[in-house]
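Presented below is the structure to which this report refers.
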Amino acid sequence: MTTITGENITFIEWLQDKLFLGMSFKEYFKKLITPFNIIATLILCVGIPIAFVRFTQGLAATTNLTDNNPWGMWIGVDVLCGVALAAGGFTLGSAVYLFGMKEYHPIVRPAVLTGFLGYFFVVIGLCFDLGRPWRLPYPMFVSYGTTSVMFLVGWHVALYLSCQFVEFCPALFEWLGWKKFRKFVVGLTIGATIFGVILSTLHQSALGGLYLLAAKKLHPLWYTPFLPVFFLVSAIIGGMTMVIFESSLTHRVFSHQISLDHKKFDKLTIGLGKAAAMTLMGYFCLKVIGVAHGDHWHLLGTPMGQWFLLEVLGFVLAPCFLLVWAVRQERAGWVRFAAIWTVIGLILNRVNVSMIAFNWNLPDRYVPKWTEFAVTITIITVGVLTFRWIVNRMPILWEHPDYEPEI
Amino acid sequence: MSITRRQFLGMTGAAGAAGLVGSSVAQAQEHFTGWPDRYGVLTDLTLCIGCRKCEEACARVNDLPPPEPSPEDKSVFDEIRRTDAQSYTVVNRFPNPDPDKPPVYVKKQCMHCNEPACASACLVSAFSKTPEGAVTYNASVCIGCRYCLMACPFYIPAYEYDKALKPRVMKCTMCHDRVKEEGKLPGCVEVCPVQALTFGKRSDLIRLARERIIRNPDKYIDHIYGEHEVGGTSWMYITGVPFEQLGFNMDLGITPYPEFTRGFLSSVPLVLTLWPVFFTGVYLFSRRRNEIAKEEGDSSHEEEAKS
Ligand code: SF4
Ligand code: SF4
């Protein structure tokens, strides 16, 4: 066994080096006691028992789902928002590896990691929601519902998760020091990226496509035949703005690991902001076309219509203008602020489609149970902890001195 | 077991390779006008007396708990119910707009659509539209995503949310096995004391319904609900009171639900073939551009060095 610096060591030392960041177990444990970790532990103390109840007593014990409202928060937030916000991996991956925008290379690895973990935890969230989660592989190996948009989603999310894993592997193997494997997976990167773009295009839009069958249940302002396109374009926006948000956060929290200087980093943020602003503008136009296509102008005056306007003007157009202004003025801070605003807008959109505008005309409305919130928060917490665990160990934010960059 | 069309297409589509997923999806979406000679039920709402014997019989033949509260208890009509995990069918009461006439009772159950939304939604093909007309469900493959509940325009399928181990989707089967294997009538049809329910070939039922309407134009509204709704259903209704006043959704249109996703699904093979070409092109182009930039950079360096 060897360390990064190449000395020969024993297995225990290797373990210490990899898992405890070179500290002894005691030292490591002491360092773990931070306010963030205490809060995280508390969350887990609530979430894990709820998970236990969910899998031993069923969905009725832990959710407010009904026959009229079969999809609640776990689909609306954990899956729909999770997938859209994890789009950063494919957006940035294709920008850097396919379009050759090398300047973004320093932030591509954290974006790919966020994407990979994002999808991974989406699948975990899905397992909570499925009636029989152990049958997750059925659509792949047992019975094929080829007329179903959901079939597409299932296949593509599974394949995409594998692609993202391949893209993440170089960092993993550099950490483990497996040079041959690393070389092999680096050779796969371009292929995985191209395949990943295809799969992303399809399943991001397919998530919107799922609601095409909710024809008379979804409010007409949200229901349009363009739903798949809406979901795809807004996911690209979600991906970019999430990268802005996530990179600014990692730059603050893990600043000691980062070699990129602030000026350069701000430049990247502004560049991403510009792309996000353009896509947001396009998305806004699409939304308008959606209303025009169904000729639903008269509905804008109704309470649901005002809610729709709030989403489209307050959380698409407004952050778009702010982004345009901030990019012109080269104000990276404001770009970050607008990015968070956009992310909230995206979550609002998915919540609207899946819960608020869905069954809007039924008296039987769905409101999540507190345990549903608790599970969602627990999953996010575990996701953040995993992210931090990996970033603290693997070459995600810094470049490993022993290896050439992939491109 | 006979292979239904959907299962058959499922198998051909099951080649499994990622690239095939898209194209087989599009194939299965070809228009299907339904099996000839399939059965259905006609409910004549002018006859139903609201005795709920059908609910009782349904529970009995399907091993469901007996209806709560019992048929004698009329308080059940105070609210409008829907089908749930314990009941495949429910009878609701609606006031008659003509106060001199008795209220109208409406039996609700799966409509057994010609092109069912639930079946087109299911990612494991748990539903089949059988040649006999019934839409049946196979719990042994169901993963419990409940997309079928989302898709059904009539709010019919229900889910056993309270079961942790083997939750199932629950809905009327039009007594498929009873009819096919035992040659009997569906439980509800058999028990109905006033023949408000008629079981028969769908084409015959349409003829029968039309005859009743033509013979008694004052008694019936001139509409057979289910003849064309969402592309036609096996279970159909005729009534004396306008359907909109009896909780029927009149906005569903006549487009079969699988149509709504067909356009999207058929774009999938297109993306699968065009995207790889396009993005590989982009990649090669950007790599070449970088190489040229590098060469130029190098040569200008050399020149600088020379001078
Ligand atoms: S009524 Fe609903 S559950 Fe019954 S066949 Fe039609 S879509 Fe399926
Ligand atoms: S809940 Fe079961 S039957 Fe319904 S769509 Fe999902 S897998 Fe198919």
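Chain labels A, B, ... are given in the sequence in which chains occur in the structure tokens; within each chain residues are numbered consecutively from 1, and ligands are likewise numbered from 1 in the order shown.
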Using only C-alpha atoms and all ligand atoms, which protein or nucleic acid residues are at most 10 Å from ligand 2, as an mmCIF file with N, CA and C atoms, in the first residue's frame?
```cif
data_model
loop_
_atom_site.group_PDB
_atom_site.id
_atom_site.type_symbol
_atom_site.label_atom_id
_atom_site.label_comp_id
_atom_site.auth_asym_id
_atom_site.auth_seq_id
_atom_site.Cartn_x
_atom_site.Cartn_y
_atom_site.Cartn_z
ATOM 1 N N PRO A 70 -52.317 10.200 -5.493
ATOM 2 C CA PRO A 70 -51.391 9.093 -5.256
ATOM 3 C C PRO A 70 -49.922 9.499 -5.214
ATOM 4 N N LEU A 130 -42.226 4.006 -3.550
ATOM 5 C CA LEU A 130 -42.766 2.833 -4.239
ATOM 6 C C LEU A 130 -43.424 1.889 -3.244
ATOM 7 N N GLY A 131 -44.543 1.310 -3.668
ATOM 8 C CA GLY A 131 -45.210 0.353 -2.804
ATOM 9 C C GLY A 131 -44.349 -0.872 -2.545
ATOM 10 N N ARG A 132 -43.664 -1.333 -3.586
ATOM 11 C CA ARG A 132 -42.802 -2.503 -3.440
ATOM 12 C C ARG A 132 -41.424 -2.170 -4.026
ATOM 13 N N ARG A 135 -38.929 -4.298 -5.986
ATOM 14 C CA ARG A 135 -39.177 -4.677 -7.376
ATOM 15 C C ARG A 135 -38.659 -3.621 -8.349
ATOM 16 N N LEU A 136 -37.845 -2.710 -7.845
ATOM 17 C CA LEU A 136 -37.310 -1.650 -8.693
ATOM 18 C C LEU A 136 -36.741 -2.174 -10.014
ATOM 19 N N TYR A 138 -37.735 -4.596 -11.799
ATOM 20 C CA TYR A 138 -38.706 -5.302 -12.644
ATOM 21 C C TYR A 138 -38.834 -4.724 -14.056
ATOM 22 N N PRO A 139 -38.984 -3.395 -14.180
ATOM 23 C CA PRO A 139 -39.135 -2.893 -15.557
ATOM 24 C C PRO A 139 -37.909 -3.158 -16.426
ATOM 25 N N SER A 143 -40.744 -7.453 -16.537
ATOM 26 C CA SER A 143 -41.949 -7.184 -17.298
ATOM 27 C C SER A 143 -41.822 -5.801 -17.912
ATOM 28 N N GLY A 145 -43.288 -2.549 -19.753
ATOM 29 C CA GLY A 145 -44.436 -1.727 -20.121
ATOM 30 C C GLY A 145 -44.014 -0.694 -21.137
ATOM 31 N N SER A 148 -45.291 2.940 -21.736
ATOM 32 C CA SER A 148 -45.323 3.857 -20.608
ATOM 33 C C SER A 148 -44.163 4.842 -20.623
ATOM 34 N N MET A 150 -43.240 6.185 -18.013
ATOM 35 C CA MET A 150 -42.539 5.827 -16.785
ATOM 36 C C MET A 150 -41.464 4.766 -17.052
ATOM 37 N N PHE A 151 -41.739 3.898 -18.010
ATOM 38 C CA PHE A 151 -40.774 2.876 -18.405
ATOM 39 C C PHE A 151 -39.489 3.537 -18.891
ATOM 40 N N ALA B 117 -56.085 4.235 -19.996
ATOM 41 C CA ALA B 117 -54.990 5.095 -19.557
ATOM 42 C C ALA B 117 -54.094 4.346 -18.579
ATOM 43 N N CYS B 118 -54.731 3.575 -17.692
ATOM 44 C CA CYS B 118 -53.955 2.863 -16.671
ATOM 45 C C CYS B 118 -52.956 1.921 -17.314
ATOM 46 N N ALA B 119 -53.383 1.229 -18.374
ATOM 47 C CA ALA B 119 -52.489 0.257 -19.010
ATOM 48 C C ALA B 119 -51.352 0.963 -19.730
ATOM 49 N N SER B 120 -51.665 2.105 -20.353
ATOM 50 C CA SER B 120 -50.592 2.781 -21.077
ATOM 51 C C SER B 120 -49.633 3.434 -20.096
ATOM 52 N N ALA B 121 -50.078 3.631 -18.850
ATOM 53 C CA ALA B 121 -49.202 4.260 -17.864
ATOM 54 C C ALA B 121 -48.262 3.255 -17.210
ATOM 55 N N CYS B 122 -48.674 2.012 -17.130
ATOM 56 C CA CYS B 122 -47.933 1.067 -16.294
ATOM 57 C C CYS B 122 -46.599 0.663 -16.907
ATOM 58 N N LEU B 123 -45.536 0.820 -16.123
ATOM 59 C CA LEU B 123 -44.192 0.550 -16.654
ATOM 60 C C LEU B 123 -43.825 -0.921 -16.618
ATOM 61 N N VAL B 124 -44.678 -1.757 -16.031
ATOM 62 C CA VAL B 124 -44.404 -3.187 -16.055
ATOM 63 C C VAL B 124 -45.553 -3.966 -16.694
ATOM 64 N N SER B 125 -46.405 -3.262 -17.436
ATOM 65 C CA SER B 125 -47.518 -3.936 -18.122
ATOM 66 C C SER B 125 -48.360 -4.786 -17.179
ATOM 67 N N ALA B 126 -48.682 -4.231 -16.023
ATOM 68 C CA ALA B 126 -49.488 -5.006 -15.093
ATOM 69 C C ALA B 126 -50.945 -5.083 -15.543
ATOM 70 N N PHE B 127 -51.359 -4.146 -16.390
ATOM 71 C CA PHE B 127 -52.744 -4.155 -16.853
ATOM 72 C C PHE B 127 -52.820 -4.727 -18.253
ATOM 73 N N THR B 136 -57.711 -6.052 -16.814
ATOM 74 C CA THR B 136 -57.328 -6.791 -15.610
ATOM 75 C C THR B 136 -55.954 -6.352 -15.122
ATOM 76 N N TYR B 137 -55.696 -6.661 -13.875
ATOM 77 C CA TYR B 137 -54.463 -6.207 -13.210
ATOM 78 C C TYR B 137 -53.729 -7.410 -12.656
ATOM 79 N N ASN B 138 -52.418 -7.394 -12.798
ATOM 80 C CA ASN B 138 -51.597 -8.505 -12.354
ATOM 81 C C ASN B 138 -50.655 -8.032 -11.250
ATOM 82 N N ALA B 139 -51.010 -8.349 -10.013
ATOM 83 C CA ALA B 139 -50.240 -7.825 -8.880
ATOM 84 C C ALA B 139 -48.834 -8.408 -8.813
ATOM 85 N N SER B 140 -48.587 -9.502 -9.519
ATOM 86 C CA SER B 140 -47.299 -10.162 -9.338
ATOM 87 C C SER B 140 -46.149 -9.417 -10.005
ATOM 88 N N VAL B 141 -46.438 -8.414 -10.857
ATOM 89 C CA VAL B 141 -45.338 -7.629 -11.416
ATOM 90 C C VAL B 141 -45.349 -6.179 -10.935
ATOM 91 N N CYS B 142 -46.460 -5.760 -10.305
ATOM 92 C CA CYS B 142 -46.639 -4.352 -9.946
ATOM 93 C C CYS B 142 -45.566 -3.889 -8.962
ATOM 94 N N ILE B 143 -44.945 -2.731 -9.247
ATOM 95 C CA ILE B 143 -43.935 -2.215 -8.323
ATOM 96 C C ILE B 143 -44.508 -1.152 -7.389
ATOM 97 N N GLY B 144 -45.753 -0.772 -7.631
ATOM 98 C CA GLY B 144 -46.406 0.159 -6.708
ATOM 99 C C GLY B 144 -46.070 1.616 -6.928
ATOM 100 N N CYS B 145 -45.850 2.002 -8.197
ATOM 101 C CA CYS B 145 -45.525 3.415 -8.451
ATOM 102 C C CYS B 145 -46.788 4.273 -8.457
ATOM 103 N N ARG B 146 -47.925 3.661 -8.645
ATOM 104 C CA ARG B 146 -49.221 4.335 -8.616
ATOM 105 C C ARG B 146 -49.426 5.336 -9.753
ATOM 106 N N TYR B 147 -48.674 5.148 -10.831
ATOM 107 C CA TYR B 147 -48.876 5.993 -12.004
ATOM 108 C C TYR B 147 -50.244 5.700 -12.618
ATOM 109 N N CYS B 148 -50.724 4.460 -12.459
ATOM 110 C CA CYS B 148 -52.042 4.124 -12.988
ATOM 111 C C CYS B 148 -53.135 4.949 -12.296
ATOM 112 N N LEU B 149 -52.961 5.179 -10.983
ATOM 113 C CA LEU B 149 -53.938 5.999 -10.262
ATOM 114 C C LEU B 149 -53.903 7.434 -10.783
ATOM 115 N N MET B 150 -52.676 7.894 -11.085
ATOM 116 C CA MET B 150 -52.522 9.248 -11.611
ATOM 117 C C MET B 150 -53.229 9.380 -12.951
ATOM 118 N N ALA B 151 -53.096 8.332 -13.788
ATOM 119 C CA ALA B 151 -53.521 8.445 -15.178
ATOM 120 C C ALA B 151 -55.025 8.260 -15.368
ATOM 121 N N PRO B 157 -58.761 3.385 -9.958
ATOM 122 C CA PRO B 157 -57.915 2.456 -9.198
ATOM 123 C C PRO B 157 -57.606 3.017 -7.807
ATOM 124 N N ALA B 158 -57.492 2.113 -6.853
ATOM 125 C CA ALA B 158 -57.185 2.509 -5.477
ATOM 126 C C ALA B 158 -55.965 1.712 -5.031
ATOM 127 N N TYR B 159 -55.335 2.157 -3.959
ATOM 128 C CA TYR B 159 -54.101 1.498 -3.540
ATOM 129 C C TYR B 159 -54.177 1.092 -2.079
ATOM 130 N N PRO B 167 -48.619 -4.465 -0.946
ATOM 131 C CA PRO B 167 -49.723 -3.583 -1.341
ATOM 132 C C PRO B 167 -50.085 -3.809 -2.807
ATOM 133 N N ARG B 168 -51.375 -3.744 -3.082
ATOM 134 C CA ARG B 168 -51.852 -3.949 -4.457
ATOM 135 C C ARG B 168 -52.666 -2.756 -4.924
ATOM 136 N N VAL B 169 -52.782 -2.629 -6.232
ATOM 137 C CA VAL B 169 -53.748 -1.717 -6.815
ATOM 138 C C VAL B 169 -55.066 -2.473 -6.834
ATOM 139 N N MET B 170 -56.146 -1.806 -6.477
ATOM 140 C CA MET B 170 -57.434 -2.491 -6.399
ATOM 141 C C MET B 170 -58.421 -1.844 -7.365
#
```
Determine which residues of region 111-266 of chain B receive a DSSP assignment of alpha helix (DSSP H), computed from the backbone, and state them as a JSON list (two decimals) with C-alpha atoms, in the first residue's frame.
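Below is the file part-v6.json, written as the result:
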```
[["chain", "number", "residue", "atom", "x", "y", "z"],
["B", 117, "ALA", "CA", -54.99, 5.09, -19.56],
["B", 118, "CYS", "CA", -53.96, 2.86, -16.67],
["B", 119, "ALA", "CA", -52.49, 0.26, -19.01],
["B", 120, "SER", "CA", -50.59, 2.78, -21.08],
["B", 121, "ALA", "CA", -49.20, 4.26, -17.86],
["B", 147, "TYR", "CA", -48.88, 5.99, -12.00],
["B", 148, "CYS", "CA", -52.04, 4.12, -12.99],
["B", 149, "LEU", "CA", -53.94, 6.00, -10.26],
["B", 150, "MET", "CA", -52.52, 9.25, -11.61],
["B", 151, "ALA", "CA", -53.52, 8.44, -15.18],
["B", 176, "HIS", "CA", -63.08, -11.55, -15.85],
["B", 177, "ASP", "CA", -62.32, -15.04, -14.49],
["B", 178, "ARG", "CA", -65.90, -15.69, -13.43],
["B", 179, "VAL", "CA", -67.14, -14.80, -16.88],
["B", 180, "LYS", "CA", -64.44, -16.56, -18.84],
["B", 181, "GLU", "CA", -63.81, -19.69, -16.83],
["B", 182, "GLU", "CA", -67.13, -20.30, -15.11],
["B", 187, "GLY", "CA", -71.50, -10.57, -9.58],
["B", 188, "CYS", "CA", -73.21, -7.19, -9.69],
["B", 189, "VAL", "CA", -75.08, -7.89, -12.93],
["B", 190, "GLU", "CA", -76.29, -11.24, -11.64],
["B", 191, "VAL", "CA", -77.67, -9.83, -8.39],
["B", 202, "ARG", "CA", -70.47, -4.14, -26.46],
["B", 203, "SER", "CA", -71.88, -3.69, -29.95],
["B", 204, "ASP", "CA", -75.18, -5.26, -28.87],
["B", 205, "LEU", "CA", -75.31, -3.05, -25.79],
["B", 206, "ILE", "CA", -74.91, 0.07, -27.90],
["B", 207, "ARG", "CA", -77.78, -1.11, -30.07],
["B", 208, "LEU", "CA", -79.90, -1.84, -27.00],
["B", 209, "ALA", "CA", -79.15, 1.55, -25.47],
["B", 210, "ARG", "CA", -79.99, 3.32, -28.69],
["B", 211, "GLU", "CA", -83.27, 1.42, -28.98],
["B", 212, "ARG", "CA", -84.30, 2.42, -25.46],
["B", 213, "ILE", "CA", -83.47, 6.04, -26.17],
["B", 214, "ILE", "CA", -85.37, 6.05, -29.47],
["B", 215, "ARG", "CA", -88.42, 4.33, -27.97],
["B", 258, "PRO", "CA", -52.52, 6.70, -24.93],
["B", 259, "GLU", "CA", -52.69, 9.35, -27.66],
["B", 260, "PHE", "CA", -51.53, 12.01, -25.22],
["B", 261, "THR", "CA", -48.12, 10.46, -24.82],
["B", 262, "ARG", "CA", -47.77, 9.03, -28.29],
["B", 263, "GLY", "CA", -46.19, 12.11, -29.83],
["B", 264, "PHE", "CA", -43.63, 12.30, -27.08],
["B", 265, "LEU", "CA", -42.81, 8.61, -27.16],
["B", 266, "SER", "CA", -42.34, 8.59, -30.91]]
```
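Each residue with an atom within 8 Å of any atom of ligand 1 appears in the list, which was built counting only C-alpha atoms and all ligand atoms: B:Gln109, B:Cys110, B:Met111, B:His112, B:Cys113, B:Asn114, B:Glu115, B:Pro116, B:Ala117, B:Cys118, B:Ala119, B:Lys129, B:Ala134, B:Val135, B:Cys148, B:Leu149, B:Ala151, B:Cys152, B:Pro153, B:Phe154, B:Tyr155, B:Ile156, B:Pro157, B:Lys171, B:Cys172, B:Thr233.
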message: What's around Pro193 (chain B) at 12 Å? Count only C-alpha atoms, leave out sequence neighbours fewer than 2 positions away in its own chain, and write the answer as an MDAnalysis selection string.
response: chainID B and resid 47:54 57 188:191 195:198
For all heavy atoms, I'd like the residues from the last selection saved as a short mmCIF file (atom, residue, chain, number, x, y, z; two decimals), in the first residue's frame.
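Contents of selection_6.cif, as written:
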```
data_model
loop_
_atom_site.label_atom_id
_atom_site.label_comp_id
_atom_site.auth_asym_id
_atom_site.auth_seq_id
_atom_site.Cartn_x
_atom_site.Cartn_y
_atom_site.Cartn_z
N LEU B 47 -83.33 2.96 -14.03
CA LEU B 47 -83.88 1.79 -13.36
C LEU B 47 -83.33 1.60 -11.94
O LEU B 47 -84.01 1.05 -11.08
CB LEU B 47 -83.58 0.53 -14.19
CG LEU B 47 -84.19 0.52 -15.60
CD1 LEU B 47 -83.72 -0.70 -16.38
CD2 LEU B 47 -85.73 0.55 -15.51
N CYS B 48 -82.09 2.04 -11.70
CA CYS B 48 -81.42 1.75 -10.43
C CYS B 48 -82.19 2.31 -9.25
O CYS B 48 -82.63 3.46 -9.26
CB CYS B 48 -80.00 2.32 -10.47
SG CYS B 48 -79.10 2.09 -8.94
N ILE B 49 -82.37 1.47 -8.20
CA ILE B 49 -83.13 1.90 -7.03
C ILE B 49 -82.23 2.15 -5.82
O ILE B 49 -82.71 2.40 -4.71
CB ILE B 49 -84.20 0.85 -6.65
CG1 ILE B 49 -83.54 -0.54 -6.54
CG2 ILE B 49 -85.32 0.84 -7.68
CD1 ILE B 49 -84.43 -1.60 -5.94
N GLY B 50 -80.92 2.02 -5.99
CA GLY B 50 -80.00 2.32 -4.90
C GLY B 50 -80.01 1.32 -3.77
O GLY B 50 -79.77 1.67 -2.61
N CYS B 51 -80.25 0.03 -4.09
CA CYS B 51 -80.31 -0.96 -3.01
C CYS B 51 -78.93 -1.43 -2.58
O CYS B 51 -78.76 -2.08 -1.56
CB CYS B 51 -81.14 -2.17 -3.46
SG CYS B 51 -80.35 -3.08 -4.81
N ARG B 52 -77.92 -1.16 -3.36
CA ARG B 52 -76.52 -1.50 -3.08
C ARG B 52 -76.28 -3.01 -2.98
O ARG B 52 -75.30 -3.44 -2.40
CB ARG B 52 -76.04 -0.77 -1.81
CG ARG B 52 -75.90 0.74 -2.03
CD ARG B 52 -75.54 1.49 -0.77
NE ARG B 52 -74.25 1.11 -0.23
CZ ARG B 52 -74.01 0.97 1.06
NH1 ARG B 52 -74.97 1.18 1.94
NH2 ARG B 52 -72.82 0.62 1.47
N LYS B 53 -77.19 -3.78 -3.56
CA LYS B 53 -76.96 -5.23 -3.59
C LYS B 53 -75.73 -5.55 -4.43
O LYS B 53 -75.03 -6.53 -4.18
CB LYS B 53 -78.20 -5.93 -4.19
CG LYS B 53 -79.40 -5.90 -3.28
CD LYS B 53 -79.91 -7.31 -3.08
CE LYS B 53 -80.76 -7.50 -1.82
NZ LYS B 53 -81.83 -6.50 -1.65
N CYS B 54 -75.48 -4.69 -5.46
CA CYS B 54 -74.31 -4.93 -6.31
C CYS B 54 -73.03 -4.78 -5.50
O CYS B 54 -72.08 -5.54 -5.68
CB CYS B 54 -74.31 -3.98 -7.51
SG CYS B 54 -74.54 -2.25 -7.07
N ALA B 57 -72.68 -7.98 -3.53
CA ALA B 57 -72.30 -9.12 -4.37
C ALA B 57 -70.86 -8.99 -4.82
O ALA B 57 -70.10 -9.96 -4.84
CB ALA B 57 -73.24 -9.20 -5.57
N CYS B 188 -72.25 -8.28 -9.84
CA CYS B 188 -73.21 -7.19 -9.69
C CYS B 188 -74.38 -7.35 -10.67
O CYS B 188 -75.53 -7.15 -10.32
CB CYS B 188 -72.51 -5.85 -9.91
SG CYS B 188 -71.56 -5.76 -11.45
N VAL B 189 -74.04 -7.76 -11.91
CA VAL B 189 -75.08 -7.89 -12.93
C VAL B 189 -76.06 -8.99 -12.52
O VAL B 189 -77.28 -8.85 -12.62
CB VAL B 189 -74.45 -8.23 -14.30
CG1 VAL B 189 -75.54 -8.44 -15.35
CG2 VAL B 189 -73.50 -7.12 -14.73
N GLU B 190 -75.47 -10.09 -12.01
CA GLU B 190 -76.29 -11.24 -11.64
C GLU B 190 -77.29 -10.89 -10.53
O GLU B 190 -78.44 -11.30 -10.54
CB GLU B 190 -75.37 -12.35 -11.15
CG GLU B 190 -76.02 -13.69 -10.96
CD GLU B 190 -75.01 -14.70 -10.44
OE1 GLU B 190 -74.63 -14.61 -9.26
OE2 GLU B 190 -74.58 -15.54 -11.23
N VAL B 191 -76.85 -10.06 -9.58
CA VAL B 191 -77.67 -9.83 -8.39
C VAL B 191 -78.69 -8.71 -8.56
O VAL B 191 -79.69 -8.66 -7.85
CB VAL B 191 -76.75 -9.56 -7.18
CG1 VAL B 191 -76.32 -8.10 -7.15
CG2 VAL B 191 -77.43 -9.96 -5.88
N GLN B 195 -82.66 -5.31 -12.97
CA GLN B 195 -81.98 -5.34 -14.28
C GLN B 195 -81.51 -3.96 -14.75
O GLN B 195 -81.64 -3.61 -15.91
CB GLN B 195 -82.87 -5.96 -15.37
CG GLN B 195 -82.76 -7.47 -15.46
CD GLN B 195 -83.82 -8.15 -14.61
OE1 GLN B 195 -84.99 -7.82 -14.72
NE2 GLN B 195 -83.41 -9.05 -13.76
N ALA B 196 -80.99 -3.21 -13.81
CA ALA B 196 -80.41 -1.93 -14.22
C ALA B 196 -79.10 -2.15 -14.95
O ALA B 196 -78.62 -1.28 -15.66
CB ALA B 196 -80.18 -1.04 -12.99
N LEU B 197 -78.51 -3.35 -14.76
CA LEU B 197 -77.24 -3.66 -15.41
C LEU B 197 -77.47 -4.76 -16.44
O LEU B 197 -78.11 -5.76 -16.15
CB LEU B 197 -76.23 -4.15 -14.37
CG LEU B 197 -76.00 -3.26 -13.15
CD1 LEU B 197 -75.17 -3.99 -12.11
CD2 LEU B 197 -75.32 -1.98 -13.55
N THR B 198 -76.96 -4.54 -17.65
CA THR B 198 -77.06 -5.57 -18.68
C THR B 198 -75.66 -5.92 -19.15
O THR B 198 -74.89 -5.04 -19.52
CB THR B 198 -77.87 -5.07 -19.89
OG1 THR B 198 -79.02 -4.40 -19.40
CG2 THR B 198 -78.27 -6.22 -20.80
#
```
- prompt: So how far away is CA of Phe231 (chain A) from CA of Leu85 (chain A), in Å?
  reply: 11.3 Å
